[in-house]
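File shown: protein-v3.pdb. Contents: PDB, C-alpha atoms.
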```pdb
ATOM      1  CA  SER A   1      11.293   2.315   6.467
ATOM      2  CA  ALA A   2       7.721   1.584   7.520
ATOM      3  CA  THR A   3       4.995   2.056   4.996
ATOM      4  CA  PRO A   4       3.533   5.532   5.327
ATOM      5  CA  LEU A   5       0.335   5.815   7.291
ATOM      6  CA  PRO A   6      -2.509   8.137   6.308
ATOM      7  CA  SER A   7      -1.653  11.602   7.599
ATOM      8  CA  ASP A   8      -4.562  13.914   8.303
ATOM      9  CA  THR A   9      -6.646  15.240  11.185
ATOM     10  CA  SER A  10      -9.486  12.714  10.895
ATOM     11  CA  PRO A  11     -10.933  11.473  14.215
ATOM     12  CA  LYS A  12      -9.788   8.248  15.834
ATOM     13  CA  TYR A  13     -11.709   5.087  14.940
ATOM     14  CA  ASP A  14     -12.579   4.373  18.579
ATOM     15  CA  LYS A  15     -14.002   7.870  18.918
ATOM     16  CA  VAL A  16     -16.304   7.645  15.886
ATOM     17  CA  LEU A  17     -17.512   4.196  17.026
ATOM     18  CA  ARG A  18     -18.758   5.857  20.209
ATOM     19  CA  GLY A  19     -20.641   8.529  18.277
ATOM     20  CA  PRO A  20     -23.893   8.797  16.298
ATOM     21  CA  THR A  21     -22.196   7.752  13.020
ATOM     22  CA  ARG A  22     -21.025   4.398  14.434
ATOM     23  CA  ASP A  23     -22.875   2.302  11.811
ATOM     24  CA  HIS A  24     -21.408   4.372   8.958
ATOM     25  CA  TRP A  25     -17.842   3.761  10.131
ATOM     26  CA  LEU A  26     -18.415   0.086  10.864
ATOM     27  CA  GLN A  27     -19.662  -0.317   7.273
ATOM     28  CA  LEU A  28     -16.471   1.337   6.027
ATOM     29  CA  GLY A  29     -14.495  -1.035   8.240
ATOM     30  CA  ASP A  30     -16.356  -3.911   6.565
ATOM     31  CA  ILE A  31     -15.268  -2.633   3.146
ATOM     32  CA  GLU A  32     -11.641  -2.522   4.254
ATOM     33  CA  MET A  33     -11.792  -5.984   5.813
ATOM     34  CA  ASP A  34     -13.448  -7.449   2.711
ATOM     35  CA  LYS A  35     -10.677  -6.002   0.558
ATOM     36  CA  LEU A  36      -7.918  -7.435   2.719
ATOM     37  CA  ILE A  37      -9.552 -10.867   2.736
ATOM     38  CA  ASN A  38     -10.645 -10.977  -0.916
ATOM     39  CA  THR A  39      -7.197  -9.910  -2.154
ATOM     40  CA  LYS A  40      -5.616 -12.518   0.147
ATOM     41  CA  THR A  41      -3.688  -9.743   1.856
ATOM     42  CA  MET A  42      -4.451 -11.439   5.162
ATOM     43  CA  ILE A  43      -6.223 -14.523   6.484
ATOM     44  CA  PHE A  44      -7.898 -15.224   9.827
ATOM     45  CA  ILE A  45      -6.229 -17.865  11.971
ATOM     46  CA  PRO A  46      -6.782 -19.393  15.418
ATOM     47  CA  PHE A  47      -4.566 -18.041  18.180
ATOM     48  CA  SER A  48      -2.971 -21.482  18.449
ATOM     49  CA  ASP A  49      -1.452 -20.994  14.980
ATOM     50  CA  VAL A  50       0.672 -18.063  16.178
ATOM     51  CA  PRO A  51       4.196 -19.305  17.052
ATOM     52  CA  THR A  52       4.990 -18.711  20.704
ATOM     53  CA  SER A  53       8.200 -16.877  19.770
ATOM     54  CA  GLN A  54       6.461 -14.560  17.277
ATOM     55  CA  ARG A  55       5.671 -10.961  18.105
ATOM     56  CA  VAL A  56       2.155  -9.826  17.159
ATOM     57  CA  GLY A  57       1.231  -6.330  15.981
ATOM     58  CA  ASP A  58      -2.030  -4.631  16.929
ATOM     59  CA  CYS A  59      -4.373  -3.514  14.168
ATOM     60  CA  ASN A  60      -4.928   0.241  14.378
ATOM     61  CA  PRO A  61      -7.847   1.259  12.141
ATOM     62  CA  VAL A  62      -7.359   4.770  10.765
ATOM     63  CA  THR A  63     -10.217   6.975   9.578
ATOM     64  CA  ARG A  64      -9.984   9.348   6.648
ATOM     65  CA  ILE A  65     -12.594  12.019   6.027
ATOM     66  CA  LYS A  66     -12.870  13.494   2.546
ATOM     67  CA  PRO A  67     -15.830  15.034   0.676
ATOM     68  CA  ASN A  68     -18.126  12.128  -0.258
ATOM     69  CA  LYS A  69     -15.301   9.645   0.330
ATOM     70  CA  ASP A  70     -14.848   8.650   3.962
ATOM     71  CA  ARG A  71     -12.814   5.511   4.488
ATOM     72  CA  VAL A  72     -11.230   3.242   7.060
ATOM     73  CA  ARG A  73      -7.787   1.771   6.565
ATOM     74  CA  PHE A  74      -6.483  -1.067   8.707
ATOM     75  CA  THR A  75      -2.861  -0.471   9.714
ATOM     76  CA  ILE A  76      -0.510  -2.588  11.805
ATOM     77  CA  SER A  77       1.590  -1.274  14.668
ATOM     78  CA  GLY A  78       4.965  -1.971  13.063
ATOM     79  CA  SER A  79       6.894  -0.830  16.141
ATOM     80  CA  GLN A  80       5.648  -3.935  17.946
ATOM     81  CA  LEU A  81       7.261  -6.242  15.390
ATOM     82  CA  ASP A  82      10.832  -7.452  14.997
ATOM     83  CA  TYR A  83      11.826  -7.430  11.333
ATOM     84  CA  PRO A  84      15.538  -8.319  11.055
ATOM     85  CA  TYR A  85      16.306  -7.141   7.509
ATOM     86  CA  ALA A  86      16.757  -3.822   5.719
ATOM     87  CA  THR A  87      13.663  -1.631   5.400
ATOM     88  CA  ALA A  88      15.000   1.520   3.705
ATOM     89  CA  THR A  89      13.499   2.572   0.358
ATOM     90  CA  ASN A  90      14.923   4.693  -2.448
ATOM     91  CA  ASN A  91      12.512   7.388  -3.557
ATOM     92  CA  ALA A  92      13.055  10.226  -5.996
ATOM     93  CA  SER A  93      14.404  13.398  -4.417
ATOM     94  CA  ILE A  94      13.342  16.986  -5.102
ATOM     95  CA  PRO A  95      16.448  17.520  -7.292
ATOM     96  CA  ASP A  96      15.453  14.407  -9.289
ATOM     97  CA  PHE A  97      12.002  15.841  -9.985
ATOM     98  CA  LYS A  98      13.501  19.238 -10.882
ATOM     99  CA  LEU A  99      15.707  17.508 -13.456
ATOM    100  CA  LEU A 100      12.605  15.843 -14.885
ATOM    101  CA  LEU A 101      10.837  19.222 -15.098
ATOM    102  CA  ASN A 102      13.838  20.722 -16.888
ATOM    103  CA  HIS A 103      13.685  17.814 -19.305
ATOM    104  CA  VAL A 104      10.016  18.657 -20.011
ATOM    105  CA  VAL A 105      10.464  22.389 -20.582
ATOM    106  CA  SER A 106      13.463  21.818 -22.857
ATOM    107  CA  SER A 107      11.202  20.539 -25.650
ATOM    108  CA  PRO A 108       7.936  22.192 -26.795
ATOM    109  CA  GLN A 109       6.252  18.867 -27.672
ATOM    110  CA  ARG A 110       7.185  17.141 -24.412
ATOM    111  CA  LYS A 111       4.426  16.554 -21.846
ATOM    112  CA  LEU A 112       4.267  15.835 -18.135
ATOM    113  CA  MET A 113       1.746  13.506 -16.516
ATOM    114  CA  THR A 114       1.299  12.055 -13.037
ATOM    115  CA  ILE A 115      -0.030   8.569 -12.295
ATOM    116  CA  ASP A 116      -0.156   6.357  -9.232
ATOM    117  CA  ILE A 117      -0.639   2.737  -8.217
ATOM    118  CA  LYS A 118      -3.761   1.925  -6.221
ATOM    119  CA  ASP A 119      -3.233  -0.224  -3.110
ATOM    120  CA  PHE A 120       0.468  -0.440  -3.924
ATOM    121  CA  TYR A 121       1.542  -2.229  -0.749
ATOM    122  CA  LEU A 122      -1.388  -4.654  -0.678
ATOM    123  CA  ASN A 123      -0.155  -6.300  -3.878
ATOM    124  CA  THR A 124       3.253  -7.310  -2.530
ATOM    125  CA  PRO A 125       3.914 -10.731  -0.940
ATOM    126  CA  LEU A 126       5.825 -10.705   2.343
ATOM    127  CA  ASP A 127       9.192 -12.425   2.751
ATOM    128  CA  THR A 128       8.755 -13.365   6.425
ATOM    129  CA  PRO A 129       5.695 -14.464   8.456
ATOM    130  CA  GLU A 130       3.884 -11.699  10.326
ATOM    131  CA  TYR A 131       0.866 -11.743  12.635
ATOM    132  CA  MET A 132      -1.709  -9.110  13.548
ATOM    133  CA  ARG A 133      -4.558  -9.057  16.040
ATOM    134  CA  ILE A 134      -7.796  -7.084  15.683
ATOM    135  CA  HIS A 135      -9.816  -6.078  18.741
ATOM    136  CA  ILE A 136     -13.393  -7.306  18.478
ATOM    137  CA  ARG A 137     -14.721  -3.798  19.190
ATOM    138  CA  HIS A 138     -13.352  -2.835  15.768
ATOM    139  CA  ILE A 139     -15.236  -5.616  13.965
ATOM    140  CA  SER A 140     -18.902  -5.242  12.989
ATOM    141  CA  PRO A 141     -21.494  -7.940  13.762
ATOM    142  CA  ARG A 142     -21.792  -8.421   9.993
ATOM    143  CA  SER A 143     -18.079  -9.286   9.607
ATOM    144  CA  MET A 144     -18.096 -11.414  12.750
ATOM    145  CA  SER A 145     -20.854 -13.493  11.175
ATOM    146  CA  LEU A 146     -19.619 -13.466   7.569
ATOM    147  CA  TYR A 147     -16.146 -14.714   8.465
ATOM    148  CA  ALA A 148     -17.302 -16.983  11.342
ATOM    149  CA  LEU A 149     -15.018 -15.206  13.799
ATOM    150  CA  ALA A 150     -16.788 -15.990  17.079
ATOM    151  CA  ASN A 151     -14.850 -19.232  17.504
ATOM    152  CA  LEU A 152     -11.553 -17.455  16.750
ATOM    153  CA  VAL A 153     -11.819 -14.844  19.522
ATOM    154  CA  HIS A 154      -8.985 -15.037  22.047
ATOM    155  CA  GLY A 155      -8.709 -12.434  24.784
ATOM    156  CA  LYS A 156     -11.076 -10.019  22.979
ATOM    157  CA  HIS A 157      -8.990 -10.226  19.792
ATOM    158  CA  VAL A 158      -9.157 -12.055  16.477
ATOM    159  CA  TYR A 159      -5.781 -13.087  15.058
ATOM    160  CA  THR A 160      -4.709 -12.768  11.429
ATOM    161  CA  LYS A 161      -1.703 -13.660   9.315
ATOM    162  CA  PRO A 162      -0.833 -10.969   6.741
ATOM    163  CA  LEU A 163       0.370 -12.557   3.495
ATOM    164  CA  LYS A 164       1.008  -9.274   1.682
ATOM    165  CA  GLY A 165       1.985  -5.752   2.624
ATOM    166  CA  ILE A 166      -0.198  -3.813   5.066
ATOM    167  CA  TYR A 167       0.247  -0.156   5.966
ATOM    168  CA  GLY A 168       2.570   0.147   8.932
ATOM    169  CA  LEU A 169       4.705  -2.937   8.244
ATOM    170  CA  PRO A 170       8.360  -1.846   8.378
ATOM    171  CA  GLN A 171       9.337  -3.962   5.350
ATOM    172  CA  ALA A 172       6.306  -3.386   3.113
ATOM    173  CA  GLY A 173       7.707  -0.295   1.396
ATOM    174  CA  ARG A 174      10.997  -1.921   0.459
ATOM    175  CA  LEU A 175       9.358  -5.132  -0.750
ATOM    176  CA  ALA A 176       6.827  -3.217  -2.850
ATOM    177  CA  GLN A 177       9.557  -1.061  -4.374
ATOM    178  CA  GLU A 178      11.781  -4.044  -5.196
ATOM    179  CA  LEU A 179       8.897  -5.874  -6.877
ATOM    180  CA  LEU A 180       7.922  -2.768  -8.847
ATOM    181  CA  GLN A 181      11.503  -2.288 -10.018
ATOM    182  CA  ALA A 182      11.749  -5.925 -11.165
ATOM    183  CA  ARG A 183       8.515  -5.538 -13.125
ATOM    184  CA  LEU A 184       9.718  -2.329 -14.736
ATOM    185  CA  GLU A 185      13.044  -3.918 -15.694
ATOM    186  CA  ALA A 186      11.179  -6.836 -17.286
ATOM    187  CA  ALA A 187       9.407  -4.258 -19.482
ATOM    188  CA  ASN A 188      12.781  -2.684 -20.484
ATOM    189  CA  TYR A 189      12.696   0.272 -18.089
ATOM    190  CA  GLU A 190      15.929   1.168 -16.305
ATOM    191  CA  THR A 191      17.398   3.890 -14.110
ATOM    192  CA  CYS A 192      19.436   6.519 -15.906
ATOM    193  CA  SER A 193      23.165   5.917 -15.635
ATOM    194  CA  THR A 194      23.809   9.557 -14.691
ATOM    195  CA  ASN A 195      20.934   9.850 -12.208
ATOM    196  CA  ARG A 196      19.595   6.796 -10.361
ATOM    197  CA  GLY A 197      16.444   8.652  -9.281
ATOM    198  CA  ILE A 198      15.120   8.893 -12.846
ATOM    199  CA  TYR A 199      13.862   5.960 -14.917
ATOM    200  CA  ARG A 200      13.747   5.714 -18.703
ATOM    201  CA  HIS A 201      12.741   3.156 -21.306
ATOM    202  CA  GLN A 202      15.440   1.606 -23.445
ATOM    203  CA  SER A 203      13.582   2.457 -26.687
ATOM    204  CA  TYR A 204      10.741   4.877 -25.931
ATOM    205  CA  SER A 205      10.754   8.554 -25.005
ATOM    206  CA  VAL A 206       9.424   8.016 -21.480
ATOM    207  CA  LYS A 207      11.315   9.250 -18.415
ATOM    208  CA  PHE A 208       9.876   9.296 -14.909
ATOM    209  CA  THR A 209      10.498   9.565 -11.191
ATOM    210  CA  ILE A 210       8.847   7.455  -8.483
ATOM    211  CA  THR A 211       8.014   8.583  -4.955
ATOM    212  CA  VAL A 212       6.358   5.730  -3.040
ATOM    213  CA  ASP A 213       3.493   4.933  -5.474
ATOM    214  CA  ASP A 214       3.377   8.241  -7.382
ATOM    215  CA  PHE A 215       4.962   8.655 -10.812
ATOM    216  CA  GLY A 216       5.982  11.914 -12.471
ATOM    217  CA  VAL A 217       6.193  11.032 -16.176
ATOM    218  CA  ALA A 218       7.731  12.978 -19.075
ATOM    219  CA  TYR A 219       7.117  11.786 -22.632
ATOM    220  CA  ASP A 220       7.108  12.936 -26.256
ATOM    221  CA  ASN A 221       4.856  10.336 -27.856
ATOM    222  CA  PRO A 222       1.461   9.409 -26.318
ATOM    223  CA  GLU A 223       2.021   5.801 -27.417
ATOM    224  CA  ASP A 224       5.200   5.703 -25.338
ATOM    225  CA  PHE A 225       3.260   6.907 -22.305
ATOM    226  CA  LYS A 226       0.590   4.267 -22.989
ATOM    227  CA  HIS A 227       3.259   1.571 -22.792
ATOM    228  CA  LEU A 228       4.009   2.623 -19.214
ATOM    229  CA  ILE A 229       0.295   2.671 -18.378
ATOM    230  CA  ASP A 230      -0.127  -0.815 -19.856
ATOM    231  CA  THR A 231       2.848  -2.062 -17.854
ATOM    232  CA  ARG A 232       1.270  -0.734 -14.657
ATOM    233  CA  GLN A 233      -2.143  -2.198 -15.506
ATOM    234  CA  ARG A 234      -0.612  -5.605 -16.126
ATOM    235  CA  HIS A 235       0.459  -5.931 -12.507
ATOM    236  CA  TYR A 236      -1.667  -3.565 -10.371
TER     237      TYR A 236
END
```
Let me see the structure of the file written as structure tokens.
Amino acid sequence: SATPLPSDTSPKYDKVLRGPTRDHWLQLGDIEMDKLINTKTMIFIPFSDVPTSQRVGDCNPVTRIKPNKDRVRFTISGSQLDYPYATATNNASIPDFKLLLNHVVSSPQRKLMTIDIKDFYLNTPLDTPEYMRIHIRHISPRSMSLYALANLVHGKHVYTKPLKGIYGLPQAGRLAQELLQARLEAANYETCSTNRGIYRHQSYSVKFTITVDDFGVAYDNPEDFKHLIDTRQRHY
């Protein structure tokens, strides 16, 4: 399934760029673009580098308004692409999490903690080439200059090649989940034989569920929990 897009009632990017806070939102767009470039999530390319048979997805910047933390997230229109492989992901269900809660309340010393992985999808290499175009009205003069984009404009768009997962890509969720699972297995975590929605460590007291990039973690010993944190920090 496609990577989840931000879901809230924030105004459209085009709308805020027409308003009095235009500069504020363009600066937030710069932050997002810098992150995608500096993490090598995508690179700018000339239009001539896009294969003629390749479908190209439009970049749809999404605004998010939160107290003291507005942001812009660049998403790709995944419905415009043609990804030929499986995209489904396996996330913990509500019954899985209820089992984890029962596991916590069954022991007075057991604790429950939640953690997540920042920019989960942006850390995952893609398995097939993809291409995305960004309309120049969504790019600030600062970014146009910094990345020397004037010579790359084709039909009022700048073309990019995503190298890692971007929100909206149909395959990004599955690829991110498969890579996470491989990394967990390398650290001796495994799914429980009686319930595939719950993970455990082969030696430590940790058990947890995963929904997208959110973990619900049960543990007895703080050092066991720290091992999971260290495993996450090693890769994300």
Any chance you could tabulate, as CSV, the residues of stretch 127-232 of chain A at most 7 Å from stretch 38-44 of chain A with each one's nearest atom pair and distance in Å to one decimal, using only C-alpha atoms, in chain and rising number order?
```
residue,atom,partner,partner_atom,distance
A:Tyr159,CA,A:Phe44,CA,6.0
A:Thr160,CA,A:Phe44,CA,4.3
A:Lys161,CA,A:Ile43,CA,5.4
A:Pro162,CA,A:Met42,CA,4.0
A:Leu163,CA,A:Thr41,CA,5.2
A:Lys164,CA,A:Thr41,CA,4.7
A:Gly165,CA,A:Thr41,CA,7.0
```
Please dump the current selection as a tab-separated table (two decimals), keeping the file's coordinate frame; keep C-alpha atoms.
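Full text of result.tsv as output:
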```tsv
chain	number	residue	atom	x	y	z
A	159	TYR	CA	-5.78	-13.09	15.06
A	160	THR	CA	-4.71	-12.77	11.43
A	161	LYS	CA	-1.70	-13.66	9.32
A	162	PRO	CA	-0.83	-10.97	6.74
A	163	LEU	CA	0.37	-12.56	3.50
A	164	LYS	CA	1.01	-9.27	1.68
A	165	GLY	CA	1.98	-5.75	2.62
```
>> Selection in question (the file shown): the PyMOL selection byres ((chain A and resi 154) around 10). Which residues does it include, as number ranges by chain?
In response: A: 46-48, 133, 135-136, 150-153, 155-159
> Taking the file as shown, what set of residues would the PyMOL selection byres ((chain A and resi 198-203) around 12) give back, as a ChimeraX atom specification?
Replying inline: /A:90-101,103,181,184-197,204-211,215-219,221,224-225,227-228,231
>> Report as an MDAnalysis selection string all protein, DNA and RNA residues lying within 10 Å of stretch 17-25 of chain A, evaluated on only C-alpha atoms, omitting residues in the same chain fewer than 6 positions from it.
In response: chainID A and resid 31 63 70:72 137:138 140
> Applied to this file, what does the PyMOL selection byres ((chain A and resi 109) around 9) return in terms of residues, put as a PyMOL selection string?
Replying inline: chain A and resi 104-105+107-108+110-111+219-221
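Each of A:Gly173, A:Pro51, A:Pro129, A:Pro61 was compared to A:Glu32 using all atoms listed in the file, and A:Pro61 turns out to be the nearest.
Nearest to A:Glu130 of all the residues A:Phe74, A:Tyr83, A:Tyr13, A:Tyr236 is A:Tyr83, counting all atoms listed in the file.
Here atom CA of A:Asp34 is placed at a distance of 27.1 Å from atom CA of A:Ile229.
Distance annotation: of A:Met132, A:Ala148, A:Ile65, A:Leu180, the residue with the minimal separation from A:Arg234 is A:Leu180; atom set is only C-alpha atoms.
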>> Please compute the atom CA of A:Lys35-atom CA of A:Ser143 distance, one decimal, in Å.
In response: 12.1 Å
Neighbours of A:Asp214 within 7 Å (all atoms listed in the file; same-chain residues fewer than 4 positions away dropped), as a PDB file with C-alpha atoms, in the coordinates of the input?
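Final file, around_36.pdb:
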```
ATOM      1  CA  ILE A 115      -0.030   8.569 -12.295  1.00  0.00           C
ATOM      2  CA  ASP A 116      -0.156   6.357  -9.232  1.00  0.00           C
ATOM      3  CA  ILE A 117      -0.639   2.737  -8.217  1.00  0.00           C
ATOM      4  CA  ILE A 210       8.847   7.455  -8.483  1.00  0.00           C
TER       5      ILE A 210
END
```
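Separating atom CA of A:Gln171 from atom CA of A:Thr124 is a distance of 10.5 Å.
Proximity of A:Ser145, A:Gln177, A:Ser79, A:Gln54 to A:Tyr131, computed with all atoms listed in the file, is greatest for A:Gln54.
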> Closest to A:Cys59 among A:Lys15, A:Ile134, A:Leu122, A:Glu223, using all atoms listed in the file?
Replying inline: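 Of A:Lys15, A:Ile134, A:Leu122, A:Glu223, the one nearest A:Cys59, counting all atoms listed in the file, is A:Ile134.
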